[in-house]
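To start, the structure under review is shown below, and the notes come after it.
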Amino acid sequence: MDMDDFGDDFKVPQRTVRKTYEIEYESLPQSAVERLVANDIDHISGIFGVEASAASLLLRYMNWNKERLIEKYMDNASAVTVAAGISPPSRASPSALGPDRSQGSSSGTRTSGFRRSARQTPAPPKAKPQPFVCPICFDDTQASFAALACDHTFCSGCWTAYITGKIREEGEHAIRCMAEGCALVAPDPFVRTALTDDPETWERFNELLVRHFVASNPNLKYCPYPSCTYTVSCPTAASKSALTTIVPIVTCGPDANPPHRFCFGCPIESDHRPVICSIAKMWLKKCRDDSETANWIKSNTKECSNCQSTIEKNGGCNHMTCKKCKHEFCWVCMGPWSEHGTAWYSCNRYDEKGGVDARDAQSKSRASLERYLHYYNRWANHEQSAKLSVELYAKTEKKMEEMQVTSNLTWIEVQFMKKAVDEVFKCRMTLKWTYAMAYYLEKGNEKELFEDNQRDLERAVEDLSELLESQIEPEIIPTLRQKVTDKTVYVSKRNEIMLEDTAKGFLEGRWQWNVPVEGFD
């Protein structure tokens with residue numbers, strides 16, 4: 001019997017083996033995050049026996065930390081409801097978590113707590129009731145009013161304008177009462193009623209709630225790309241300790257082209273593999289700040305040995321005189337000029353301790369600058385080459401069209417050129433960050449092996465780039481196609497080796513740094 005007769009019933013799905021440098025994560029649309037929010041609200045509402053709107057305010061007050069909220073609420077429910085802006089201080093009790101007053105006037109029958117005297121006095125004549133005037137707009141023609149549990153009543157128009165401004169202009173999701181000094185927060189049903197005629201603002205309000213939920217949850221992170229509403233869930237990279245062994249690069253949304261790739265563990269909005277977040281941030285900070293400007297000054301100027309003023313040599317004579325303190329010294333050895341006699345050109349005081357120390361400090365500063373520039377220039381070169389990939393894509397597309405015209409290849413068959421450009425771009429991003437990592441690696445066998453992998457990858461990428469830039473002749477198209485395809489596969493393999501070995505090194509603790517790094521002893 002042929003097993004194919006049973007269709008897919010007996011076929012075992014293939015499992016994709018996750019590589020060492022890849023992490024497990026999930027891309028969530030906004031609707032999925034809203035379901036997570038609703039589940040948390042229902043959970044707290046069921047435990048405390050309160051309405052969903054009150055449970056939502058409690059969770060927002062505790063930054064969606066359910067465990068901490070339950071602990072605090074069980075310890076002192078009244079204090080928590082007051083602090084969360086659900087009940088005013090005088091009414092802080094579980095019963096205050098019921099429906100808020102939302103419509104109608106503030107009049108009502110109230111009974112006094114004092115016993116009425118037995119002697120009856122004639123009631124004064126009733127005064128004609130005055131129309132309620134909104135204390136915000138002072139419009140006595142308003143007929144619709146609303147108030148929170150604090151009884152601070154305002155007209156519906158003022159409430160709508162106030163809530164709309166808070167959401168649209170200030171991005172607030174916790175909208176407090178308009179009365180001065182009142183800390184009550186408007187529950188979601190109250191906000192919904194005020195925004196009945198403005199569904200866009202209500203949608204924006206819900207988006208702010210979702211964003212607050214995501215920002216408060218260490219397992220979630222919003223996609224930083226503009227107009228993207230996807231959220232990535234990555235519990236593996238939620239702790240700082242995990243970021244010393246993994247590089248949590250994630251991709252959001254299945255529809256984005258190109259895909260939105262960013263780092264879950266740090267603010268860098270690009271793929272910075274193979275280097276971990278702390279090293280990547282240190283390198284970017286070093287490239288941004290003025291530390292290297294100061295280093296350049298140290299390499300091109302010297303300090304007066306008497307008053308430490310910075311001096312730049314502007315002539316050929318080595319006999320220097322400080323303009324500030326008038327101290328005379330030798331530019332070559334930094335020793336006092338008086339010890340040089342008339343034979344300044346021989347500078348026979350090189351062994352003098354002061355001159356030796358000054359020269360050593362100058363040499364170290366120059367060596368430090370040259371070392372930094374070695375890594376920075378290569379880092380910047382690959383970054384620039386990656387940015388120029390847009391032009392390379394355009395050139396490659398023209399070549400693909402030429403191939404179709406001058407050969408029998410179809411459009412699908414010439415896609416090998418585009419795949420090659422994609423691989424070059426990806427590998428240049430890898431190479432860029434390998435130079436940042438190499439700058440901080442301690443000298444030793446591990447660094448030499450790292451640089452060997454780096455060299456092999458860089459050589460392969462340059463060879464493939466040269467093939468892509470070469471002229472296309474009709475008679476060499478089949479050969480060129482084979483060469484480009486083979487080299488693309490090889491480059492991809494070298495890139496994978498680079499990433500795999502570096503990732504294993506982090507997991508095994510093989511990498512040693514020449515500076516203190518966050519998370520490492």
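Labeling convention for the structure tokens: chains A, B, ... as they appear, residues from 1 per chain, ligands from 1 in order of appearance.
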
Query - Contacts of A:Cys182 at 9 Å (only C-alpha atoms; same-chain gap of 4+ positions) as an MDAnalysis selection string - result: chainID A and resid 85 88 150 152 176:178

Report task. Going by DSSP on the backbone, which bits of stretch 173-354 of chain A are strand (DSSP E or B)? Write them as a list in words, please. Result ->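 The strand (DSSP E or B) residues within stretch 173-354 of chain A come out as Arg176, Val185, Leu220, Lys221, Tyr222, Thr231, Val232, Ser233, Ile249, Val250, Thr251, Cys252, His260, Arg261, Phe262, Cys263, Lys302, Glu303, Thr310, Ile311, His319, Met320, Thr321, Glu328, Phe329, Cys330 and Pro336 of chain A.
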
Query raised in the report: If we count only C-alpha atoms, what is near A:Ser53 at a cut-off of 6 Å, once residues fewer than 2 positions away on the same chain are taken out, given as number ranges by chain?
Result: A: 51, 55-56, 187-188

Same residues, C-alpha atoms, saved as an mmCIF file, in the first residue's frame:
data_model
loop_
_atom_site.group_PDB
_atom_site.id
_atom_site.type_symbol
_atom_site.label_atom_id
_atom_site.label_comp_id
_atom_site.auth_asym_id
_atom_site.auth_seq_id
_atom_site.Cartn_x
_atom_site.Cartn_y
_atom_site.Cartn_z
ATOM 1 C CA GLU A 51 -15.710 45.952 37.559
ATOM 2 C CA ALA A 55 -9.448 46.525 37.406
ATOM 3 C CA SER A 56 -7.946 48.350 34.415
ATOM 4 C CA PRO A 187 -12.644 55.104 33.936
ATOM 5 C CA ASP A 188 -12.770 53.749 30.406
#

Near-stretch 130-144 of chain A list (6 Å; only C-alpha atoms; drop same-chain fewer than 6 positions) as a tab-separated table (two decimals) with C-alpha atoms, in the first residue's frame:
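Contents of the output file result.tsv:
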chain	number	residue	atom	x	y	z
A	154	PHE	CA	-18.83	69.86	34.57
A	155	CYS	CA	-20.72	70.15	31.33
A	156	SER	CA	-20.34	67.37	28.76

Report task. Take atom CA of A:Thr488 and atom CA of A:Ala420 and report the distance between them in Å, one decimal. Result ->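 Between atom CA of A:Thr488 and atom CA of A:Ala420 the gap is 5.5 Å.
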
Query raised in the report: With distances taken over only C-alpha atoms, which of A:Val491, A:Ala147, A:Ile311, A:Met437 is nearest to A:Ile276?
Result: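 Selected residue with least distance to A:Ile276: A:Met437.
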
Query raised in the report: For A:Ser233, which residue among A:Tyr162, A:Phe506, A:Phe329, A:Tyr25 is the nearest when counting only C-alpha atoms?
Result: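 Ranked by minimum distance to A:Ser233, first place goes to A:Tyr25.
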
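Comparing the minimum interatomic distances between A:Cys263 and each of A:Glu413, A:Glu473, A:Glu71, A:Glu22, counting only C-alpha atoms, we find that A:Glu22 sits nearest.
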
Report task. Could you check how far atom CA of A:Val515 sits from atom CA of A:Glu370, in Å to one decimal? Result ->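 Answer for the atom CA of A:Val515 to atom CA of A:Glu370 separation: 17.6 Å.
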
Requested in this report: Just the residues within 10 Å of A:Gln308, please, counting only C-alpha atoms, with nothing from its chain fewer than 5 positions along; format it as a list of chain:residue names.
Outcome: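 The residues that qualify are A:Lys302, A:Glu303, A:Cys322, A:Lys324, A:Cys325.
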
Atoms to include: N, CA, C and O atoms. Write the selected residues as a PDB file, in the first residue's frame.
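Below you can see again.pdb, which holds the result:
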ATOM      1  N   LYS A 302      51.255  69.214  22.981  1.00  0.00           N
ATOM      2  CA  LYS A 302      51.921  68.793  24.218  1.00  0.00           C
ATOM      3  C   LYS A 302      51.592  69.781  25.312  1.00  0.00           C
ATOM      4  O   LYS A 302      51.197  70.920  25.033  1.00  0.00           O
ATOM      5  N   GLU A 303      51.788  69.346  26.543  1.00  0.00           N
ATOM      6  CA  GLU A 303      51.503  70.209  27.687  1.00  0.00           C
ATOM      7  C   GLU A 303      52.799  70.729  28.281  1.00  0.00           C
ATOM      8  O   GLU A 303      53.792  69.985  28.397  1.00  0.00           O
ATOM      9  N   CYS A 322      56.681  78.687  26.745  1.00  0.00           N
ATOM     10  CA  CYS A 322      55.259  78.740  27.083  1.00  0.00           C
ATOM     11  C   CYS A 322      54.826  80.196  27.216  1.00  0.00           C
ATOM     12  O   CYS A 322      55.442  80.968  27.966  1.00  0.00           O
ATOM     13  N   LYS A 324      52.241  81.286  28.605  1.00  0.00           N
ATOM     14  CA  LYS A 324      51.549  81.543  29.871  1.00  0.00           C
ATOM     15  C   LYS A 324      52.517  81.731  31.021  1.00  0.00           C
ATOM     16  O   LYS A 324      52.411  82.695  31.783  1.00  0.00           O
ATOM     17  N   CYS A 325      53.479  80.790  31.165  1.00  0.00           N
ATOM     18  CA  CYS A 325      54.383  80.869  32.323  1.00  0.00           C
ATOM     19  C   CYS A 325      55.831  81.162  31.920  1.00  0.00           C
ATOM     20  O   CYS A 325      56.719  81.226  32.778  1.00  0.00           O
TER      21      CYS A 325
END

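When only C-alpha atoms are used to compute distances to A:Phe416, the closest of the residues A:Asp289, A:Asp486, A:Glu391, A:Glu200 turns out to be A:Asp486.
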
Please provide as a PDB file with all heavy atoms, in the first residue's frame all residues within 9 Å of A:His212, with the sequence filter that same-chain residues fewer than 5 positions apart are discarded (counting only C-alpha atoms).
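Produced file part-v6.pdb, reproduced below:
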ATOM      1  N   ARG A  60      -3.087  49.648  35.649  1.00  0.00           N
ATOM      2  CA  ARG A  60      -2.295  50.749  35.119  1.00  0.00           C
ATOM      3  C   ARG A  60      -1.501  51.437  36.227  1.00  0.00           C
ATOM      4  O   ARG A  60      -0.359  51.848  36.026  1.00  0.00           O
ATOM      5  CB  ARG A  60      -3.202  51.766  34.428  1.00  0.00           C
ATOM      6  CG  ARG A  60      -3.573  51.388  33.008  1.00  0.00           C
ATOM      7  CD  ARG A  60      -4.440  52.466  32.386  1.00  0.00           C
ATOM      8  NE  ARG A  60      -5.833  52.075  32.366  1.00  0.00           N
ATOM      9  CZ  ARG A  60      -6.826  52.883  32.044  1.00  0.00           C
ATOM     10  NH1 ARG A  60      -6.592  54.136  31.742  1.00  0.00           N
ATOM     11  NH2 ARG A  60      -8.073  52.436  32.036  1.00  0.00           N
ATOM     12  N   ASN A  63       1.529  49.491  36.903  1.00  0.00           N
ATOM     13  CA  ASN A  63       2.280  49.189  35.688  1.00  0.00           C
ATOM     14  C   ASN A  63       2.104  47.741  35.247  1.00  0.00           C
ATOM     15  O   ASN A  63       3.055  47.081  34.825  1.00  0.00           O
ATOM     16  CB  ASN A  63       3.763  49.513  35.882  1.00  0.00           C
ATOM     17  CG  ASN A  63       4.035  50.994  35.988  1.00  0.00           C
ATOM     18  OD1 ASN A  63       3.365  51.810  35.345  1.00  0.00           O
ATOM     19  ND2 ASN A  63       4.989  51.369  36.812  1.00  0.00           N
ATOM     20  N   TRP A  64       0.883  47.262  35.366  1.00  0.00           N
ATOM     21  CA  TRP A  64       0.474  45.943  34.876  1.00  0.00           C
ATOM     22  C   TRP A  64       1.223  44.799  35.557  1.00  0.00           C
ATOM     23  O   TRP A  64       1.323  43.704  34.998  1.00  0.00           O
ATOM     24  CB  TRP A  64       0.639  45.854  33.358  1.00  0.00           C
ATOM     25  CG  TRP A  64      -0.162  46.884  32.641  1.00  0.00           C
ATOM     26  CD1 TRP A  64       0.249  48.123  32.266  1.00  0.00           C
ATOM     27  CD2 TRP A  64      -1.540  46.785  32.247  1.00  0.00           C
ATOM     28  NE1 TRP A  64      -0.771  48.804  31.657  1.00  0.00           N
ATOM     29  CE2 TRP A  64      -1.882  48.002  31.618  1.00  0.00           C
ATOM     30  CE3 TRP A  64      -2.496  45.773  32.352  1.00  0.00           C
ATOM     31  CZ2 TRP A  64      -3.149  48.250  31.103  1.00  0.00           C
ATOM     32  CZ3 TRP A  64      -3.765  46.024  31.828  1.00  0.00           C
ATOM     33  CH2 TRP A  64      -4.079  47.247  31.219  1.00  0.00           C
ATOM     34  N   HIS A 173      -3.087  58.367  29.033  1.00  0.00           N
ATOM     35  CA  HIS A 173      -4.048  57.267  29.137  1.00  0.00           C
ATOM     36  C   HIS A 173      -4.722  57.253  30.507  1.00  0.00           C
ATOM     37  O   HIS A 173      -5.708  56.553  30.703  1.00  0.00           O
ATOM     38  CB  HIS A 173      -3.347  55.923  28.894  1.00  0.00           C
ATOM     39  CG  HIS A 173      -2.250  55.627  29.891  1.00  0.00           C
ATOM     40  ND1 HIS A 173      -2.498  55.130  31.139  1.00  0.00           N
ATOM     41  CD2 HIS A 173      -0.910  55.788  29.793  1.00  0.00           C
ATOM     42  CE1 HIS A 173      -1.356  54.983  31.778  1.00  0.00           C
ATOM     43  NE2 HIS A 173      -0.375  55.380  30.991  1.00  0.00           N
ATOM     44  N   GLU A 207      -4.935  52.706  21.805  1.00  0.00           N
ATOM     45  CA  GLU A 207      -3.544  52.499  21.389  1.00  0.00           C
ATOM     46  C   GLU A 207      -2.583  52.919  22.496  1.00  0.00           C
ATOM     47  O   GLU A 207      -1.560  52.246  22.740  1.00  0.00           O
ATOM     48  CB  GLU A 207      -3.266  53.294  20.115  1.00  0.00           C
ATOM     49  CG  GLU A 207      -1.856  53.098  19.579  1.00  0.00           C
ATOM     50  CD  GLU A 207      -1.583  53.942  18.348  1.00  0.00           C
ATOM     51  OE1 GLU A 207      -2.553  54.375  17.695  1.00  0.00           O
ATOM     52  OE2 GLU A 207      -0.396  54.154  18.042  1.00  0.00           O
ATOM     53  N   ASN A 217       5.827  45.790  30.269  1.00  0.00           N
ATOM     54  CA  ASN A 217       6.093  44.351  30.248  1.00  0.00           C
ATOM     55  C   ASN A 217       7.485  44.103  29.666  1.00  0.00           C
ATOM     56  O   ASN A 217       7.726  44.391  28.494  1.00  0.00           O
ATOM     57  CB  ASN A 217       5.036  43.642  29.393  1.00  0.00           C
ATOM     58  CG  ASN A 217       5.050  42.139  29.593  1.00  0.00           C
ATOM     59  OD1 ASN A 217       6.101  41.545  29.828  1.00  0.00           O
ATOM     60  ND2 ASN A 217       3.883  41.517  29.493  1.00  0.00           N
TER      61      ASN A 217
END

Query raised in the report: Quick one: distance from atom CA of A:Pro516 to atom CA of A:Ile23 in Å, one decimal?
Result: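 Pair atom CA of A:Pro516 / atom CA of A:Ile23 returns 26.1 Å.
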
**Report entry** Residue neighbourhood stretch 502-504 of chain A, 8 Å, only C-alpha atoms, exclusion window fewer than 3 positions, as a ChimeraX atom specification
**Finding:** /A:20-21,245-246,274,450,498-499,507-508

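Among the candidate residues A:Met74, A:Lys443, A:Leu392, A:Tyr222, the one lying nearest to A:Glu466 is A:Leu392, with distances computed using only C-alpha atoms.
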